[in-house]
Amino acid sequence: MGGSSAEPQGGPGGRRGPEADFFEPTYGATMPAISYAMCAARHMYQYGTTTEQLAEIKVAASIHASHNPNAFLKNVVSTDEVVSSPMISSPLHRLDCCVNTDGGGAVVVVSPEIAAKLNRHKVKILGQGEVPKNAAAGETDFTYTGAVWSAPIAFAEAGVSTNDIDYAGIYDSFTITVLMTLEDLGFCEKGQGGRFVTGGTLVSGSGSLPFNTDGGGLCSNHPSGRGGMVKMIEAVRQLRGEANEGTQVADCQIALAHGSGGLLGSRMTAATLILGQEDS
Amino acid sequence: MSNLPAIPVSPTIEISQYWEAAGRDVLVVPRCNVCGKAYWYPRGFCPFCHSTDIVWEESDGGASIYSFTIAQRGQGPWEAAAPDVVAYR
């Protein structure tokens, strides 16, 4: 949904075609926050999710970012600060939105034979799943993400369940992105994401599902269209025991990284990756 | 509506009827004569059953809102229009 019709902007997510380049921006859906805001509004209407519950996700990310010297936003914020920050596109406030930064990364994937020769703490790919979700010709359901399909594929290949996940890296363009993805990955019942994240569930050291310990897109960095890369990198750091001091998950054996592309409220992709220790 | 941005269009033959109606301030929505479903965005074939037997129906302006947002800002021509409501039905 980038740009005007005169200058279609496909963007790194590859958004091209009549709906993305024309029929959405022409009628006012010009920026990503608008699409995600409509998902949040529908989730609130259908499941009773609250703006304070969404704020819990930002708070957890900010606690983690305070341990990351490279984070774009290093200050811990409160739920009050999130819900009183300026509205961008209702019900999403400024602090429900990710930062916009440069950034990048790379992962090196090698065969078991090469891996055996490397003098480095290795992690193993246990399973992965990738799916698209289309706009359903105008009948889009805003309440779920492609993770409903990518997660079962990845978990089946890995032979593990959500109970086995010690650390979760969840793509976080907005707080609602995390909430819906957590539900769709199976960490809680559909519609219960708000209750699930309440009470510090996502905070490393005290919560049951530490997430985005680098501060994530909400606080650390969000290289446009490449948010999944940093999720993979932080998951590997957790498995290697190399996370920032104060955020390392004790005895981290199995980690999940999840990325989504496109827009939750229209066309999107989802990719779930499950990583484990070399002997897992 | 007149204070909202009007975007220059380059109609294609496939959906010329959509733009011809829009030029008369009428919203038309394509519906498939074979499977009976209405669809969006406008195109010359049904995305559900791939039939090209379609009809352009005039909207009566009524709809149930599925979700909406009040956007406090926008991009391009919509920057000056904010705040504005974007809704999905």
# chains A, B, ... in the order shown; residues from 1 in each chain; ligands from 1

$ residues_around --residues "B:Ile70" --least-positions-apart "5" --cutoff "6 Å" --atoms "only C-alpha atoms" --output "PDB file with C-alpha atoms, in the first residue's frame"
ATOM      1  CA  SER A  89      -4.437   4.977  13.156  1.00  0.00           C
ATOM      2  CA  SER A  90      -7.019   3.946  15.731  1.00  0.00           C
TER       3      SER A  90
ATOM      4  CA  ASP B  84      -9.961  10.279   7.678  1.00  0.00           C
ATOM      5  CA  VAL B  85     -11.833   7.012   8.090  1.00  0.00           C
TER       6      VAL B  85
END

$ residues_around --residues "B:Tyr39" --least-positions-apart "4" --cutoff "9 Å" --atoms "only C-alpha atoms" --output "ChimeraX atom specification"
/A:136-139 /B:29-32,43,46-48

$ closest_residue --among "A:Gln253, A:Ser224, A:Thr269, A:Ser35" --to "chain B" --atoms "only C-alpha atoms"
A:Ser35

$ select_by_dssp --residues "stretch 118-279 of chain A" --states "strand (DSSP E)" --output "VMD selection string"
chain A and resid 123 to 133 167 to 170 254 to 262 268 to 277

$ closest_residue --among "B:Gln17, B:Ser64, B:Thr69, B:Thr52" --to "chain A" --atoms "only C-alpha atoms"
B:Thr69

$ closest_residue --among "B:Gly23, B:Gly36, B:Gly76, B:Gly62" --to "chain A" --atoms "only C-alpha atoms"
B:Gly76

$ closest_residue --among "A:Val230, A:Leu92, A:Val77, A:Leu185" --to "chain B" --atoms "only C-alpha atoms"
A:Leu92

$ interface_residues --of "chain B" --to "chain A" --cutoff "8 Å" --atoms "only C-alpha atoms" --output "JSON list (two decimals) with N, CA and C atoms, in the first residue's frame"
[["chain", "number", "residue", "atom", "x", "y", "z"],
["B", 6, "ALA", "N", -8.77, 13.25, -5.31],
["B", 6, "ALA", "CA", -9.18, 12.58, -6.56],
["B", 6, "ALA", "C", -7.91, 12.18, -7.29],
["B", 7, "ILE", "N", -7.75, 10.88, -7.46],
["B", 7, "ILE", "CA", -6.52, 10.36, -8.04],
["B", 7, "ILE", "C", -6.70, 10.23, -9.55],
["B", 8, "PRO", "N", -5.77, 10.73, -10.32],
["B", 8, "PRO", "CA", -5.88, 10.54, -11.77],
["B", 8, "PRO", "C", -5.86, 9.06, -12.13],
["B", 9, "VAL", "N", -6.73, 8.66, -13.02],
["B", 9, "VAL", "CA", -6.80, 7.24, -13.38],
["B", 9, "VAL", "C", -6.47, 7.03, -14.85],
["B", 39, "TYR", "N", -17.27, -9.39, -5.98],
["B", 39, "TYR", "CA", -15.86, -9.43, -5.62],
["B", 39, "TYR", "C", -15.22, -8.06, -5.72],
["B", 40, "TRP", "N", -14.06, -7.95, -5.14],
["B", 40, "TRP", "CA", -13.29, -6.71, -5.14],
["B", 40, "TRP", "C", -11.83, -7.08, -5.11],
["B", 41, "TYR", "N", -10.96, -6.43, -5.86],
["B", 41, "TYR", "CA", -11.07, -5.25, -6.65],
["B", 41, "TYR", "C", -11.68, -5.55, -8.01],
["B", 47, "PRO", "N", -12.75, -13.92, -9.68],
["B", 47, "PRO", "CA", -11.60, -14.57, -9.04],
["B", 47, "PRO", "C", -11.98, -15.86, -8.29],
["B", 48, "PHE", "N", -13.28, -16.08, -8.11],
["B", 48, "PHE", "CA", -13.70, -17.30, -7.41],
["B", 48, "PHE", "C", -13.83, -18.48, -8.38],
["B", 66, "TYR", "N", -17.07, -4.15, 8.40],
["B", 66, "TYR", "CA", -16.36, -5.27, 9.03],
["B", 66, "TYR", "C", -15.31, -4.75, 10.00],
["B", 67, "SER", "N", -14.60, -3.73, 9.59],
["B", 67, "SER", "CA", -13.65, -3.07, 10.47],
["B", 67, "SER", "C", -13.35, -1.68, 9.93],
["B", 68, "PHE", "N", -12.83, -0.83, 10.80],
["B", 68, "PHE", "CA", -12.49, 0.52, 10.34],
["B", 68, "PHE", "C", -11.39, 1.09, 11.22],
["B", 69, "THR", "N", -10.79, 2.15, 10.72],
["B", 69, "THR", "CA", -9.80, 2.88, 11.51],
["B", 69, "THR", "C", -9.95, 4.36, 11.19],
["B", 70, "ILE", "N", -9.62, 5.18, 12.17],
["B", 70, "ILE", "CA", -9.50, 6.62, 11.92],
["B", 70, "ILE", "C", -8.01, 6.91, 11.76],
["B", 71, "ALA", "N", -7.60, 7.14, 10.54],
["B", 71, "ALA", "CA", -6.18, 7.37, 10.25],
["B", 71, "ALA", "C", -5.84, 8.83, 10.54],
["B", 72, "GLN", "N", -4.85, 9.02, 11.38],
["B", 72, "GLN", "CA", -4.46, 10.39, 11.73],
["B", 72, "GLN", "C", -3.48, 10.97, 10.73],
["B", 73, "ARG", "N", -3.02, 10.14, 9.84],
["B", 73, "ARG", "CA", -2.14, 10.63, 8.79],
["B", 73, "ARG", "C", -2.25, 9.70, 7.59],
["B", 74, "GLY", "N", -1.76, 10.18, 6.46],
["B", 74, "GLY", "CA", -1.78, 9.37, 5.25],
["B", 74, "GLY", "C", -0.59, 9.75, 4.39],
["B", 75, "GLN", "N", -0.46, 9.03, 3.31],
["B", 75, "GLN", "CA", 0.66, 9.30, 2.42],
["B", 75, "GLN", "C", 0.15, 9.81, 1.08],
["B", 76, "GLY", "N", 1.02, 10.46, 0.34],
["B", 76, "GLY", "CA", 0.66, 10.97, -0.98],
["B", 76, "GLY", "C", -0.47, 11.98, -0.87],
["B", 77, "PRO", "N", -1.44, 11.90, -1.77],
["B", 77, "PRO", "CA", -2.53, 12.87, -1.78],
["B", 77, "PRO", "C", -3.38, 12.83, -0.50],
["B", 78, "TRP", "N", -3.30, 11.71, 0.22],
["B", 78, "TRP", "CA", -4.11, 11.56, 1.44],
["B", 78, "TRP", "C", -3.48, 12.23, 2.65],
["B", 84, "ASP", "N", -8.90, 10.80, 8.51],
["B", 84, "ASP", "CA", -9.96, 10.28, 7.68],
["B", 84, "ASP", "C", -10.26, 8.84, 8.09],
["B", 86, "VAL", "N", -10.92, 4.97, 7.19],
["B", 86, "VAL", "CA", -10.77, 3.90, 6.21],
["B", 86, "VAL", "C", -11.52, 2.69, 6.77],
["B", 87, "ALA", "N", -12.37, 2.11, 5.96],
["B", 87, "ALA", "CA", -13.19, 0.99, 6.45],
["B", 87, "ALA", "C", -13.16, -0.17, 5.46],
["B", 88, "TYR", "N", -13.49, -1.35, 5.96],
["B", 88, "TYR", "CA", -13.56, -2.56, 5.14],
["B", 88, "TYR", "C", -14.91, -3.20, 5.38]]

$ atom_distance --atom1 "atom CA of A:Leu54" --atom2 "atom CA of A:Ala71"
20.8 Å

$ residues_around --residues "B:Ser51" --least-positions-apart "6" --cutoff "9 Å" --atoms "only C-alpha atoms" --output "ChimeraX atom specification"
/B:32-35,44-45

$ select_by_dssp --residues "stretch 57-210 of chain A" --states "alpha helix (DSSP H)" --output "ChimeraX atom specification"
/A:57-65,79-83,112-116,147-158,175-185,193-197

$ residues_around --residues "A:Leu179" --least-positions-apart "4" --cutoff "8 Å" --atoms "only C-alpha atoms" --output "PDB file with C-alpha atoms, in the first residue's frame"
ATOM      1  CA  LEU A  54      -1.570  -4.659  23.154  1.00  0.00           C
ATOM      2  CA  ILE A  57       3.762  -6.381  24.137  1.00  0.00           C
ATOM      3  CA  THR A 175       1.815  -4.879  18.699  1.00  0.00           C
ATOM      4  CA  GLU A 183      -2.464 -17.102  18.758  1.00  0.00           C
ATOM      5  CA  GLY A 193      -3.826 -13.409  22.897  1.00  0.00           C
ATOM      6  CA  GLY A 194      -4.644 -10.361  24.988  1.00  0.00           C
ATOM      7  CA  VAL A 197       0.454 -11.492  27.005  1.00  0.00           C
TER       8      VAL A 197
END

$ residues_around --residues "A:Asp184" --least-positions-apart "2" --cutoff "6 Å" --atoms "only C-alpha atoms" --output "PyMOL selection string"
chain A and resi 147-148+181-182+186

$ residues_around --residues "A:Ala60" --least-positions-apart "6" --cutoff "9 Å" --atoms "only C-alpha atoms" --output "list of chain:residue names"
A:Val76, A:Val77, A:Gly200, A:Thr201, A:Leu202, A:Val203, A:Ser204, A:Pro210, A:Phe211, A:Asn212, A:Thr213, A:Gly215
